[in-house]
Structure formats: structure tokens, C-alpha cells
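K.L.:
What follows is protein19.cif, made up of mmCIF, N, CA and C atoms:
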```cif
data_model
#
loop_
_atom_site.label_atom_id
_atom_site.label_comp_id
_atom_site.auth_asym_id
_atom_site.auth_seq_id
_atom_site.Cartn_x
_atom_site.Cartn_y
_atom_site.Cartn_z
N MET A 1 -3.14 -12.39 8.20
CA MET A 1 -3.18 -11.00 7.82
C MET A 1 -4.52 -10.42 8.23
N ASN A 2 -4.49 -9.34 8.97
CA ASN A 2 -5.70 -8.64 9.37
C ASN A 2 -5.98 -7.52 8.37
N LEU A 3 -7.22 -7.43 7.93
CA LEU A 3 -7.62 -6.43 6.96
C LEU A 3 -8.81 -5.65 7.50
N THR A 4 -8.68 -4.31 7.50
CA THR A 4 -9.76 -3.44 7.94
C THR A 4 -10.04 -2.44 6.83
N ILE A 5 -11.26 -2.42 6.33
CA ILE A 5 -11.67 -1.43 5.33
C ILE A 5 -12.78 -0.60 5.95
N SER A 6 -12.55 0.70 6.05
CA SER A 6 -13.56 1.56 6.66
C SER A 6 -13.76 2.81 5.82
N GLY A 7 -14.90 3.45 6.03
CA GLY A 7 -15.23 4.66 5.28
C GLY A 7 -15.51 5.81 6.22
N HIS A 8 -15.15 6.99 5.78
CA HIS A 8 -15.40 8.22 6.54
C HIS A 8 -16.27 9.10 5.67
N HIS A 9 -17.48 9.43 6.11
CA HIS A 9 -18.49 10.13 5.32
C HIS A 9 -18.85 9.32 4.07
N LEU A 10 -18.80 8.00 4.19
CA LEU A 10 -19.00 7.12 3.04
C LEU A 10 -19.38 5.74 3.53
N GLU A 11 -20.33 5.12 2.88
CA GLU A 11 -20.67 3.74 3.20
C GLU A 11 -19.86 2.83 2.28
N VAL A 12 -19.16 1.87 2.87
CA VAL A 12 -18.34 0.94 2.09
C VAL A 12 -19.27 -0.16 1.59
N THR A 13 -19.57 -0.10 0.30
CA THR A 13 -20.46 -1.08 -0.32
C THR A 13 -19.70 -2.38 -0.58
N PRO A 14 -20.42 -3.49 -0.76
CA PRO A 14 -19.74 -4.75 -1.09
C PRO A 14 -18.93 -4.67 -2.38
N ALA A 15 -19.40 -3.91 -3.36
CA ALA A 15 -18.66 -3.75 -4.62
C ALA A 15 -17.35 -3.01 -4.37
N LEU A 16 -17.39 -1.98 -3.55
CA LEU A 16 -16.18 -1.22 -3.22
C LEU A 16 -15.20 -2.07 -2.43
N ARG A 17 -15.72 -2.85 -1.50
CA ARG A 17 -14.88 -3.75 -0.70
C ARG A 17 -14.21 -4.79 -1.60
N GLU A 18 -14.95 -5.36 -2.52
CA GLU A 18 -14.41 -6.36 -3.44
C GLU A 18 -13.34 -5.76 -4.35
N TYR A 19 -13.56 -4.51 -4.79
CA TYR A 19 -12.59 -3.82 -5.64
C TYR A 19 -11.27 -3.62 -4.91
N VAL A 20 -11.34 -3.19 -3.65
CA VAL A 20 -10.14 -3.00 -2.83
C VAL A 20 -9.42 -4.33 -2.62
N LEU A 21 -10.17 -5.38 -2.37
CA LEU A 21 -9.57 -6.70 -2.15
C LEU A 21 -8.85 -7.21 -3.40
N THR A 22 -9.44 -7.02 -4.57
CA THR A 22 -8.77 -7.48 -5.79
C THR A 22 -7.50 -6.68 -6.05
N LYS A 23 -7.52 -5.41 -5.73
CA LYS A 23 -6.32 -4.58 -5.91
C LYS A 23 -5.23 -4.95 -4.90
N LEU A 24 -5.64 -5.31 -3.68
CA LEU A 24 -4.66 -5.70 -2.66
C LEU A 24 -4.00 -7.04 -2.96
N ASP A 25 -4.66 -7.87 -3.77
CA ASP A 25 -4.06 -9.15 -4.14
C ASP A 25 -2.70 -8.98 -4.81
N ARG A 26 -2.57 -7.92 -5.61
CA ARG A 26 -1.31 -7.68 -6.30
C ARG A 26 -0.19 -7.38 -5.31
N VAL A 27 -0.51 -6.62 -4.28
CA VAL A 27 0.49 -6.28 -3.26
C VAL A 27 0.89 -7.51 -2.47
N THR A 28 -0.09 -8.29 -2.04
CA THR A 28 0.22 -9.48 -1.24
C THR A 28 0.88 -10.57 -2.09
N ARG A 29 0.70 -10.52 -3.40
CA ARG A 29 1.39 -11.48 -4.27
C ARG A 29 2.88 -11.17 -4.32
N HIS A 30 3.24 -9.89 -4.29
CA HIS A 30 4.65 -9.51 -4.33
C HIS A 30 5.35 -9.72 -3.00
N PHE A 31 4.63 -9.53 -1.90
CA PHE A 31 5.24 -9.60 -0.58
C PHE A 31 4.24 -10.22 0.37
N ASP A 32 4.52 -11.45 0.82
CA ASP A 32 3.52 -12.19 1.59
C ASP A 32 3.69 -12.05 3.10
N GLN A 33 4.63 -11.26 3.58
CA GLN A 33 4.85 -11.11 5.02
C GLN A 33 4.13 -9.89 5.58
N VAL A 34 2.90 -9.68 5.13
CA VAL A 34 2.10 -8.55 5.59
C VAL A 34 1.37 -8.97 6.86
N VAL A 35 1.48 -8.14 7.91
CA VAL A 35 0.85 -8.44 9.19
C VAL A 35 -0.56 -7.84 9.26
N ASP A 36 -0.69 -6.58 8.86
CA ASP A 36 -1.93 -5.85 9.08
C ASP A 36 -2.13 -4.83 7.97
N ILE A 37 -3.36 -4.66 7.49
CA ILE A 37 -3.68 -3.64 6.48
C ILE A 37 -4.90 -2.88 6.95
N ASN A 38 -4.78 -1.55 6.99
CA ASN A 38 -5.91 -0.67 7.29
C ASN A 38 -6.16 0.22 6.08
N VAL A 39 -7.38 0.16 5.54
CA VAL A 39 -7.77 0.97 4.39
C VAL A 39 -8.84 1.94 4.85
N LEU A 40 -8.64 3.23 4.55
CA LEU A 40 -9.63 4.25 4.90
C LEU A 40 -10.04 4.98 3.64
N LEU A 41 -11.31 4.95 3.33
CA LEU A 41 -11.87 5.63 2.17
C LEU A 41 -12.66 6.83 2.67
N THR A 42 -12.37 8.02 2.13
CA THR A 42 -12.95 9.25 2.66
C THR A 42 -13.51 10.10 1.53
N VAL A 43 -14.64 10.74 1.80
CA VAL A 43 -15.16 11.79 0.93
C VAL A 43 -15.10 13.08 1.74
N GLU A 44 -14.32 14.03 1.26
CA GLU A 44 -14.17 15.30 1.98
C GLU A 44 -15.12 16.33 1.39
N LYS A 45 -15.84 16.98 2.25
CA LYS A 45 -16.87 17.93 1.81
C LYS A 45 -16.28 19.29 1.42
N GLN A 46 -15.28 19.74 2.13
CA GLN A 46 -14.79 21.10 1.95
C GLN A 46 -13.74 21.26 0.86
N LYS A 47 -13.16 20.16 0.40
CA LYS A 47 -12.09 20.25 -0.59
C LYS A 47 -12.64 20.63 -1.96
N GLU A 48 -11.73 21.01 -2.87
CA GLU A 48 -12.13 21.29 -4.24
C GLU A 48 -12.62 20.00 -4.89
N LYS A 49 -13.43 20.13 -5.92
CA LYS A 49 -14.15 18.98 -6.46
C LYS A 49 -13.22 17.90 -7.01
N GLU A 50 -12.13 18.27 -7.65
CA GLU A 50 -11.29 17.26 -8.31
C GLU A 50 -10.44 16.45 -7.34
N ARG A 51 -10.39 16.83 -6.07
CA ARG A 51 -9.60 16.06 -5.09
C ARG A 51 -10.43 15.66 -3.88
N ARG A 52 -11.72 15.45 -4.05
CA ARG A 52 -12.59 15.15 -2.91
C ARG A 52 -12.47 13.73 -2.40
N GLN A 53 -12.34 12.77 -3.28
CA GLN A 53 -12.31 11.36 -2.89
C GLN A 53 -10.88 11.00 -2.48
N ARG A 54 -10.72 10.48 -1.29
CA ARG A 54 -9.37 10.15 -0.81
C ARG A 54 -9.35 8.71 -0.30
N ALA A 55 -8.29 8.03 -0.66
CA ALA A 55 -8.07 6.67 -0.18
C ALA A 55 -6.70 6.63 0.47
N GLU A 56 -6.60 5.96 1.61
CA GLU A 56 -5.31 5.83 2.28
C GLU A 56 -5.17 4.44 2.86
N VAL A 57 -3.93 3.95 2.86
CA VAL A 57 -3.63 2.61 3.34
C VAL A 57 -2.47 2.69 4.30
N THR A 58 -2.59 1.99 5.43
CA THR A 58 -1.47 1.77 6.34
C THR A 58 -1.21 0.28 6.33
N LEU A 59 -0.03 -0.09 5.87
CA LEU A 59 0.35 -1.49 5.73
C LEU A 59 1.44 -1.78 6.73
N HIS A 60 1.19 -2.72 7.63
CA HIS A 60 2.17 -3.07 8.66
C HIS A 60 2.85 -4.36 8.26
N VAL A 61 4.16 -4.27 7.99
CA VAL A 61 4.96 -5.45 7.72
C VAL A 61 5.96 -5.59 8.85
N LYS A 62 6.64 -6.70 8.91
CA LYS A 62 7.57 -6.93 10.00
C LYS A 62 8.66 -5.86 10.00
N GLY A 63 8.68 -5.06 11.05
CA GLY A 63 9.72 -4.04 11.19
C GLY A 63 9.40 -2.69 10.61
N ARG A 64 8.26 -2.51 9.94
CA ARG A 64 8.02 -1.22 9.30
C ARG A 64 6.53 -1.02 9.03
N ASP A 65 6.10 0.22 9.07
CA ASP A 65 4.76 0.60 8.63
C ASP A 65 4.89 1.40 7.35
N ILE A 66 4.07 1.08 6.36
CA ILE A 66 4.07 1.79 5.09
C ILE A 66 2.74 2.51 4.98
N PHE A 67 2.78 3.83 4.80
CA PHE A 67 1.57 4.63 4.69
C PHE A 67 1.52 5.29 3.32
N VAL A 68 0.38 5.18 2.64
CA VAL A 68 0.20 5.77 1.32
C VAL A 68 -1.19 6.40 1.27
N GLU A 69 -1.27 7.58 0.65
CA GLU A 69 -2.57 8.20 0.46
C GLU A 69 -2.65 8.79 -0.94
N GLN A 70 -3.87 8.86 -1.48
CA GLN A 70 -4.08 9.38 -2.82
C GLN A 70 -5.46 10.00 -2.90
N SER A 71 -5.56 11.15 -3.58
CA SER A 71 -6.83 11.82 -3.77
C SER A 71 -7.15 11.93 -5.26
N HIS A 72 -8.43 11.88 -5.58
CA HIS A 72 -8.86 11.98 -6.98
C HIS A 72 -10.34 12.33 -6.98
N GLU A 73 -10.87 12.73 -8.13
CA GLU A 73 -12.31 13.04 -8.19
C GLU A 73 -13.16 11.77 -8.22
N ASP A 74 -12.58 10.65 -8.65
CA ASP A 74 -13.27 9.36 -8.67
C ASP A 74 -12.60 8.44 -7.66
N LEU A 75 -13.38 7.82 -6.80
CA LEU A 75 -12.82 6.97 -5.74
C LEU A 75 -12.12 5.74 -6.31
N TYR A 76 -12.65 5.17 -7.36
CA TYR A 76 -12.02 4.00 -7.97
C TYR A 76 -10.67 4.36 -8.58
N ALA A 77 -10.57 5.53 -9.20
CA ALA A 77 -9.29 5.99 -9.74
C ALA A 77 -8.30 6.27 -8.62
N ALA A 78 -8.79 6.81 -7.51
CA ALA A 78 -7.92 7.05 -6.35
C ALA A 78 -7.38 5.73 -5.81
N ILE A 79 -8.22 4.69 -5.77
CA ILE A 79 -7.78 3.38 -5.29
C ILE A 79 -6.74 2.79 -6.25
N ASP A 80 -6.97 2.94 -7.57
CA ASP A 80 -5.99 2.44 -8.55
C ASP A 80 -4.63 3.09 -8.35
N GLN A 81 -4.61 4.42 -8.26
CA GLN A 81 -3.34 5.13 -8.09
C GLN A 81 -2.70 4.80 -6.76
N LEU A 82 -3.51 4.63 -5.73
CA LEU A 82 -3.01 4.27 -4.41
C LEU A 82 -2.33 2.91 -4.43
N MET A 83 -2.93 1.95 -5.08
CA MET A 83 -2.35 0.61 -5.13
C MET A 83 -1.07 0.58 -5.96
N ASP A 84 -0.98 1.44 -6.98
CA ASP A 84 0.27 1.55 -7.74
C ASP A 84 1.40 2.06 -6.84
N LYS A 85 1.11 3.11 -6.07
CA LYS A 85 2.10 3.66 -5.14
C LYS A 85 2.50 2.63 -4.09
N LEU A 86 1.50 1.96 -3.54
CA LEU A 86 1.74 0.97 -2.49
C LEU A 86 2.57 -0.19 -3.02
N ASP A 87 2.29 -0.62 -4.23
CA ASP A 87 3.04 -1.72 -4.84
C ASP A 87 4.50 -1.33 -5.02
N ARG A 88 4.76 -0.11 -5.46
CA ARG A 88 6.15 0.35 -5.61
C ARG A 88 6.87 0.39 -4.27
N GLN A 89 6.19 0.88 -3.23
CA GLN A 89 6.83 0.96 -1.92
C GLN A 89 7.07 -0.42 -1.33
N VAL A 90 6.14 -1.34 -1.53
CA VAL A 90 6.31 -2.70 -1.01
C VAL A 90 7.47 -3.39 -1.73
N CYS A 91 7.55 -3.22 -3.04
CA CYS A 91 8.67 -3.83 -3.79
C CYS A 91 10.00 -3.23 -3.35
N ARG A 92 10.04 -1.93 -3.09
CA ARG A 92 11.27 -1.29 -2.62
C ARG A 92 11.65 -1.82 -1.23
N HIS A 93 10.66 -1.99 -0.36
CA HIS A 93 10.92 -2.53 0.97
C HIS A 93 11.41 -3.97 0.88
N LYS A 94 10.82 -4.74 0.00
CA LYS A 94 11.22 -6.14 -0.17
C LYS A 94 12.67 -6.22 -0.65
N ASP A 95 13.06 -5.34 -1.57
CA ASP A 95 14.44 -5.33 -2.06
C ASP A 95 15.43 -5.00 -0.95
N LYS A 96 15.04 -4.08 -0.05
CA LYS A 96 15.93 -3.72 1.05
C LYS A 96 16.07 -4.85 2.06
N VAL A 97 14.99 -5.58 2.29
CA VAL A 97 14.98 -6.63 3.30
C VAL A 97 15.69 -7.89 2.83
N GLN A 98 15.58 -8.18 1.54
CA GLN A 98 16.14 -9.43 1.03
C GLN A 98 17.64 -9.49 1.23
N ASP A 99 18.11 -10.69 1.51
CA ASP A 99 19.55 -10.92 1.62
C ASP A 99 20.07 -11.15 0.22
N HIS A 100 21.01 -10.31 -0.19
CA HIS A 100 21.52 -10.39 -1.56
C HIS A 100 22.74 -11.29 -1.68
N HIS A 101 23.16 -11.91 -0.60
CA HIS A 101 24.26 -12.87 -0.60
C HIS A 101 25.56 -12.29 -1.15
N HIS A 102 25.85 -11.08 -0.77
CA HIS A 102 27.13 -10.49 -1.15
C HIS A 102 28.20 -10.95 -0.16
N ALA A 103 29.33 -11.33 -0.67
CA ALA A 103 30.44 -11.72 0.21
C ALA A 103 31.05 -10.46 0.80
N SER A 104 31.31 -10.49 2.09
CA SER A 104 31.88 -9.31 2.73
C SER A 104 33.38 -9.23 2.41
N ALA A 105 33.95 -8.06 2.59
CA ALA A 105 35.35 -7.83 2.27
C ALA A 105 36.27 -8.68 3.16
N LYS A 106 35.88 -8.89 4.43
CA LYS A 106 36.71 -9.69 5.33
C LYS A 106 36.81 -11.14 4.86
N ARG A 107 35.73 -11.69 4.37
CA ARG A 107 35.76 -13.08 3.91
C ARG A 107 36.59 -13.22 2.65
N ILE A 108 36.57 -12.22 1.80
CA ILE A 108 37.37 -12.29 0.58
C ILE A 108 38.86 -12.26 0.93
N GLU A 109 39.27 -11.40 1.86
CA GLU A 109 40.66 -11.30 2.26
C GLU A 109 41.15 -12.59 2.94
N VAL A 110 40.32 -13.19 3.79
CA VAL A 110 40.70 -14.40 4.51
C VAL A 110 40.85 -15.58 3.53
N SER A 111 39.93 -15.70 2.61
CA SER A 111 40.01 -16.83 1.66
C SER A 111 41.14 -16.65 0.66
N ALA A 112 41.56 -15.42 0.37
CA ALA A 112 42.67 -15.19 -0.55
C ALA A 112 44.02 -15.55 0.05
N SER A 113 44.17 -15.47 1.38
CA SER A 113 45.46 -15.74 2.00
C SER A 113 45.73 -17.18 2.23
#
```
Go through the file and emit its structure as C-alpha cells.

P.N.:
Amino acid sequence: MNLTISGHHLEVTPALREYVLTKLDRVTRHFDQVVDINVLLTVEKQKEKERRQRAEVTLHVKGRDIFVEQSHEDLYAAIDQLMDKLDRQVCRHKDKVQDHHHASAKRIEVSAS
């Protein structure tokens, strides 16, 4: 798994990097077939004060890219909300991908005859 954490108008401190890594553990625990993760942390100068800090993640899994973004006045709160959204989307993707072992209608008809 390739992981890229970068900042725009922001220096990514070791504490911030560690916080993102601990939050990403929850996502990778639910779904281990992650190919690539790009995290971008941004401070926007022109936006209103309560939505200045923005975090966004592009998660590349086999066959699909999942993109999530979240804004908040506190960067750590934005990361928390972002990881909640990402976790929900990854779980939804995992449910779609999993084989649910449903018998098809053709097999039921053939075995009944």
C-alpha cells in the first residue's frame, strides 16, 4: 500500500502525520485490498473561518477510486469526520464486492427437475 500525506499552505508535522496514520488504520482494518492512499491537508485563506481547514483523501482500491473531502474550523476534527465518511464508503464498497453466495434462479430450476 502506497501512502502519500501532503499539505497545501500547511506543514505536515510528525504529530499530524501520526494522527492521520492512526485514523487510517481503522479503514485498512475493514478492507485490506487498498492499493494507494493520497491524503491532502489544506488551509484555505479566502474561505470563511469555520470552514478553512480541509482534508481530502483519494483511496484507490482494485477497480475503483474513492474520494472524500471534509472541511471544518479545526483540522483534527476535519480528519475525524473525513475518516468516518471514508470508513462508511469503504464498508459499502466491500459489501458490493463480496460474493454473497446466492444461488441463481437457473441453478434452482435445474436442481428441482

K.L.:
Extract, using only N, CA and C atoms, all DNA, RNA and protein residues at most 6.5 Å from His9 (chain A), discarding same-chain residues fewer than 5 positions from it, and format them as a ChimeraX atom specification.

P.N.:
/A:41-43

K.L.:
Quick one: which residues end up in the PyMOL selection byres ((chain A and resi 57-71) around 6) for this structure, as a list in words?

P.N.:
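Applying the expression gives Gln33, Val34, Val35, Asp36, Ile37, Asn38, Val39, Leu40, Glu50, Arg51, Arg52, Gln53, Arg54, Ala55, Glu56, His72, Glu73, Ala78 and Leu82 of chain A.
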
K.L.:
Between CA of Tyr76 (chain A) and atom C of Ala15 (chain A), what is the distance, to one decimal in Å?

P.N.:
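Atom-to-atom, CA of Tyr76 (chain A) and atom C of Ala15 (chain A) are spaced 9.5 Å apart.
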
K.L.:
Could you tell me, as a list in words, which residues of region 28-80 of chain A DSSP assigns to helix (DSSP H, G or I) when given the backbone?

P.N.:
Thr28, Arg29, His30, Lys49, Glu50, Arg51, Leu75, Tyr76, Ala77, Ala78, Ile79 and Asp80 of chain A

K.L.:
Give me, please, the distance in Å between atom C of Phe31 (chain A) and atom N of Leu16 (chain A), quoted to one decimal.

P.N.:
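Taking atom C of Phe31 (chain A) and atom N of Leu16 (chain A), their separation equals 23.5 Å.
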
K.L.:
Selected by the PyMOL selection byres (((chain A and resi 27 and name CA) around 10) and name CA) in the shown coordinates: which residues, as a compact mmCIF listing (two decimals) with N, CA and C atoms, in the frame of the given file?

P.N.:
```txt
# COMPACT_ATOMS: atom_id res chain seq x y z
N THR A 22 -9.44 -7.02 -4.57
CA THR A 22 -8.77 -7.48 -5.79
C THR A 22 -7.50 -6.68 -6.05
N LYS A 23 -7.52 -5.41 -5.73
CA LYS A 23 -6.32 -4.58 -5.91
C LYS A 23 -5.23 -4.95 -4.90
N LEU A 24 -5.64 -5.31 -3.68
CA LEU A 24 -4.66 -5.70 -2.66
C LEU A 24 -4.00 -7.04 -2.96
N ASP A 25 -4.66 -7.87 -3.77
CA ASP A 25 -4.06 -9.15 -4.14
C ASP A 25 -2.70 -8.98 -4.81
N ARG A 26 -2.57 -7.92 -5.61
CA ARG A 26 -1.31 -7.68 -6.30
C ARG A 26 -0.19 -7.38 -5.31
N THR A 28 -0.09 -8.29 -2.04
CA THR A 28 0.22 -9.48 -1.24
C THR A 28 0.88 -10.57 -2.09
N ARG A 29 0.70 -10.52 -3.40
CA ARG A 29 1.39 -11.48 -4.27
C ARG A 29 2.88 -11.17 -4.32
N HIS A 30 3.24 -9.89 -4.29
CA HIS A 30 4.65 -9.51 -4.33
C HIS A 30 5.35 -9.72 -3.00
N PHE A 31 4.63 -9.53 -1.90
CA PHE A 31 5.24 -9.60 -0.58
C PHE A 31 4.24 -10.22 0.37
N ASP A 32 4.52 -11.45 0.82
CA ASP A 32 3.52 -12.19 1.59
C ASP A 32 3.69 -12.05 3.10
N VAL A 34 2.90 -9.68 5.13
CA VAL A 34 2.10 -8.55 5.59
C VAL A 34 1.37 -8.97 6.86
N MET A 83 -2.93 1.95 -5.08
CA MET A 83 -2.35 0.61 -5.13
C MET A 83 -1.07 0.58 -5.96
N ASP A 84 -0.98 1.44 -6.98
CA ASP A 84 0.27 1.55 -7.74
C ASP A 84 1.40 2.06 -6.84
N LEU A 86 1.50 1.96 -3.54
CA LEU A 86 1.74 0.97 -2.49
C LEU A 86 2.57 -0.19 -3.02
N ASP A 87 2.29 -0.62 -4.23
CA ASP A 87 3.04 -1.72 -4.84
C ASP A 87 4.50 -1.33 -5.02
N ARG A 88 4.76 -0.11 -5.46
CA ARG A 88 6.15 0.35 -5.61
C ARG A 88 6.87 0.39 -4.27
N GLN A 89 6.19 0.88 -3.23
CA GLN A 89 6.83 0.96 -1.92
C GLN A 89 7.07 -0.42 -1.33
N VAL A 90 6.14 -1.34 -1.53
CA VAL A 90 6.31 -2.70 -1.01
C VAL A 90 7.47 -3.39 -1.73
N CYS A 91 7.55 -3.22 -3.04
CA CYS A 91 8.67 -3.83 -3.79
C CYS A 91 10.00 -3.23 -3.35
```

K.L.:
Give me, please, the distance in Å between CA of Gln46 (chain A) and CA of His8 (chain A), quoted to one decimal.

P.N.:
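One can read the CA of Gln46 (chain A) to CA of His8 (chain A) distance as 13.7 Å.
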
K.L.:
Of the candidates A:Glu44, A:Met1, A:Ile79, A:Gly7, which one gets nearest to Val20 (chain A) if we count all atoms listed in the file?

P.N.:
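Closest candidate: A:Ile79.
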